[in-house]
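Heads up: the structure comes next, in structure tokens.
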Amino acid sequence: FAVPKTRDMLQSLFNPVTPKTTFDIITLVTLSTHMVVALVLPLATRRAVLMAGFAFWRLCYNGGLGWILNWQSSRHGLVALFKRNGWLDPNRGGRVYTWLRSELEAKMGPGYSFESVPIEFNVWLLYRQLVDLVLLNDFATYFFLCSCYLGSANDTEPWHAFLRIAGGLTLLAFNLWVKVDAHRVVKDYAWYWGDFFFLVEQSLTFDGVFEMAPHPMYSIGYAGYYGGSLITGSYTIFYASLAAHMLQFLFLSLVENPHIEKTYERPPLAIQVIQKSRIRRMSAPMSDISDSARDTTASVGDACKVSIRERPTSLWHPELIVFKNFDLLRASDVLILLLLVYSVGVPLCFWWAFGHSQMVFVYSAAQCIIWVLFRTL
């Protein structure tokens, strides 16, 4: 089916001309409540209330939305729930069907036809409104929580405060760029986990921020947390940000990555392909060598089923554990040895030659500056 174009979330929510759905009204009311809490309540009370609110919405995101996505991925649970109860069926849905249809038509605008899209798409649109509710409140509570801790730092020098605030603002600007550029690449379909509900044929070019880090929306896309920690100068904000970021990585590991591997399949390891090819060549008679060569491509899929621990002993290299299993013929082990000599052996030689630690400090500081500049430039 032709996927209809979806509206921008901020435009549909904050534009007074755009019709508002029930979810939009609930979102605006909860956002206003957080603002009233941040402006009216005493400092100690609003800190406690906003911290509890941030924890609640963060758990709703990583726990609640994550559970729904996992349920949908493993059992198509959310779509099955709507089908079983007939909520999107005009013959069985009754008032619930009428209400949900009006919600979707108001959200999507005149170019959307309720009957021309499958139920999976409509369920995804409803889930998307729930996501908007949770994500906006999660952001708002964190923002207002940071505002309660402004001025917490005890800077001894004015330039300390300047560097701290400048660094925080830089991280916030970088965070904004990461989110905007990631949305440019993946669009609303992947932004709202559309592939948990239906699959579309599209060609994506993963450039820009996706060339900087794996899963940029979950890794460097949360740099703003640490920017807020720097601006406020509060360890409370820092630890809350760190805990929230750890929850996001748990969401990635337990929900998103398993779904990606199940849906798009993990490509076979090179060693698995080599092993399968060797087995086929050894087992096939000489007269069938040409046929085996033609079937090599088809055997790649079967190679995925071979465990990596079943590969030949000649191809198995035990992993290096400190210096255990060290192998001079393995390039990575030799590189580690050279790095240890360079970073530890050379400073110890300076210490032995000059008899004091000042030269070691100068050497280490110079190396730190040189390698940071090398990596950056």
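Order determines the names: the first chain of the structure tokens is A, the second B, and so forth; residues in each chain are numbered 1 upward, and ligands are numbered 1 upward as they are shown.
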
Sorted per-residue table, segment 154-217 of chain A near segment 106-130 of chain A, closest atoms and distance, 8 Å, only C-alpha atoms, as CSV:
```
residue,atom,partner,partner_atom,distance
A:Tyr192,CA,A:Arg128,CA,6.2
A:Gly194,CA,A:Trp124,CA,6.7
A:Phe197,CA,A:Glu120,CA,5.7
A:Phe198,CA,A:Glu120,CA,6.4
```

Any chance you can output those residues with N, CA and C atoms as a tab-separated table (two decimals), in the first residue's frame?
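And here's out23.tsv as it stands now:
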```
chain	number	residue	atom	x	y	z
A	192	TYR	N	9.65	6.29	14.69
A	192	TYR	CA	8.58	5.78	15.56
A	192	TYR	C	8.48	4.25	15.49
A	194	GLY	N	8.38	2.04	13.05
A	194	GLY	CA	7.35	1.53	12.15
A	194	GLY	C	7.58	0.10	11.72
A	197	PHE	N	5.64	-2.82	13.09
A	197	PHE	CA	4.24	-2.99	12.71
A	197	PHE	C	4.08	-3.41	11.25
A	198	PHE	N	4.87	-2.86	10.36
A	198	PHE	CA	4.79	-3.21	8.94
A	198	PHE	C	6.12	-2.87	8.30
```

Check your understanding: Do you know which residues are at most 9 Å from Arg58 of chain A counting only C-alpha atoms, after dropping those on the same chain fewer than 4 positions away, and could you put them as JSON, numbers by chain?
Key -> {"A": [53, 54, 62, 63, 134, 135, 137, 138, 244, 247, 248]}

Check your understanding: A:Thr27, A:Pro4, A:Ile220, A:Arg95: which is nearest Leu176 of chain A, counting only C-alpha atoms?
Key -> A:Ile220

Check your understanding: With only C-alpha atoms as the basis for distance, which of A:Asn154, A:Asn15, A:Thr141, A:Thr22 is at the shortest distance from Ala48 of chain A?
Key ->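 Among A:Asn154, A:Asn15, A:Thr141, A:Thr22, it is A:Thr141 that comes nearest to Ala48 of chain A.
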
Exercise for review: Tell me which protein, DNA and RNA residues are within 10 Å of Cys146 of chain A, counting only C-alpha atoms, leaving out same-chain ones fewer than 4 positions away, and put them as a PyMOL selection string.
Suggested key: chain A and resi 47+50-51+140-142+150+225+228-229+231-234+236-238

Could you please take those selected residues and save N, CA, C and O atoms as a short mmCIF file (atom, residue, chain, number, x, y, z; two decimals), in the first residue's frame?
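Dumped everything to again-v5.cif:
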```
data_model
loop_
_atom_site.label_atom_id
_atom_site.label_comp_id
_atom_site.auth_asym_id
_atom_site.auth_seq_id
_atom_site.Cartn_x
_atom_site.Cartn_y
_atom_site.Cartn_z
N ARG A 47 11.80 20.29 43.17
CA ARG A 47 12.89 19.38 42.81
C ARG A 47 12.46 17.93 42.99
O ARG A 47 12.68 17.08 42.11
N LEU A 50 9.59 17.07 40.33
CA LEU A 50 10.09 16.94 38.96
C LEU A 50 11.04 15.76 38.81
O LEU A 50 11.06 15.12 37.75
N MET A 51 11.80 15.44 39.84
CA MET A 51 12.65 14.26 39.77
C MET A 51 11.79 13.00 39.68
O MET A 51 12.09 12.08 38.88
N ALA A 140 10.28 17.46 28.84
CA ALA A 140 9.85 18.62 29.62
C ALA A 140 10.25 18.48 31.08
O ALA A 140 10.73 19.43 31.70
N THR A 141 10.04 17.30 31.67
CA THR A 141 10.40 17.12 33.07
C THR A 141 11.91 17.25 33.28
O THR A 141 12.36 17.83 34.29
N TYR A 142 12.70 16.77 32.33
CA TYR A 142 14.15 16.92 32.45
C TYR A 142 14.55 18.39 32.34
O TYR A 142 15.41 18.87 33.10
N LEU A 150 19.89 25.20 38.53
CA LEU A 150 20.80 26.22 38.01
C LEU A 150 21.49 26.94 39.16
O LEU A 150 20.87 27.29 40.16
N TYR A 225 22.12 15.41 27.68
CA TYR A 225 22.04 15.09 29.10
C TYR A 225 23.27 15.63 29.83
O TYR A 225 23.17 16.22 30.91
N GLY A 228 23.32 19.44 29.92
CA GLY A 228 22.52 19.96 31.03
C GLY A 228 23.23 19.82 32.36
O GLY A 228 23.14 20.70 33.24
N SER A 229 23.97 18.72 32.53
CA SER A 229 24.72 18.53 33.77
C SER A 229 25.81 19.58 33.91
O SER A 229 26.05 20.11 35.01
N ILE A 231 25.85 22.65 32.49
CA ILE A 231 25.27 23.99 32.67
C ILE A 231 24.80 24.18 34.11
O ILE A 231 25.02 25.23 34.72
N THR A 232 24.14 23.19 34.67
CA THR A 232 23.67 23.31 36.06
C THR A 232 24.80 23.16 37.06
O THR A 232 24.74 23.72 38.16
N GLY A 233 25.82 22.40 36.71
CA GLY A 233 26.90 22.13 37.66
C GLY A 233 26.45 21.29 38.83
O GLY A 233 27.03 21.36 39.91
N SER A 234 25.43 20.45 38.60
CA SER A 234 24.85 19.66 39.68
C SER A 234 25.16 18.18 39.47
O SER A 234 24.90 17.63 38.39
N THR A 236 23.56 15.91 41.04
CA THR A 236 22.24 15.26 41.02
C THR A 236 21.74 15.11 39.59
O THR A 236 21.26 14.04 39.19
N ILE A 237 21.86 16.18 38.81
CA ILE A 237 21.46 16.13 37.40
C ILE A 237 22.35 15.16 36.64
O ILE A 237 21.87 14.41 35.77
N PHE A 238 23.62 15.15 36.95
CA PHE A 238 24.54 14.25 36.25
C PHE A 238 24.17 12.79 36.48
O PHE A 238 24.10 12.00 35.54
#
```

Exercise for review: Excluding Leu81 of chain A and any residue of its chain fewer than 5 positions from it, enumerate the residues within 10 Å of it, using only C-alpha atoms, and give them as a ChimeraX atom specification.
Suggested key: /A:72,76,86-87,123

Exercise for review: Kindly indicate which residue among A:Leu104, A:Ile321, A:Leu65, A:Leu43 lies nearest to Lys20 of chain A, using only C-alpha atoms for the distances.
Suggested key: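 Selected residue with least distance to Lys20 of chain A: A:Leu104.
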
Practice item. May I ask which of the residues A:Phe350, A:Phe323, A:Tyr189, A:Phe14 is the closest one to Ile336 of chain A, counting only C-alpha atoms? Key: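 Smallest distance to Ile336 of chain A is found for A:Phe323.
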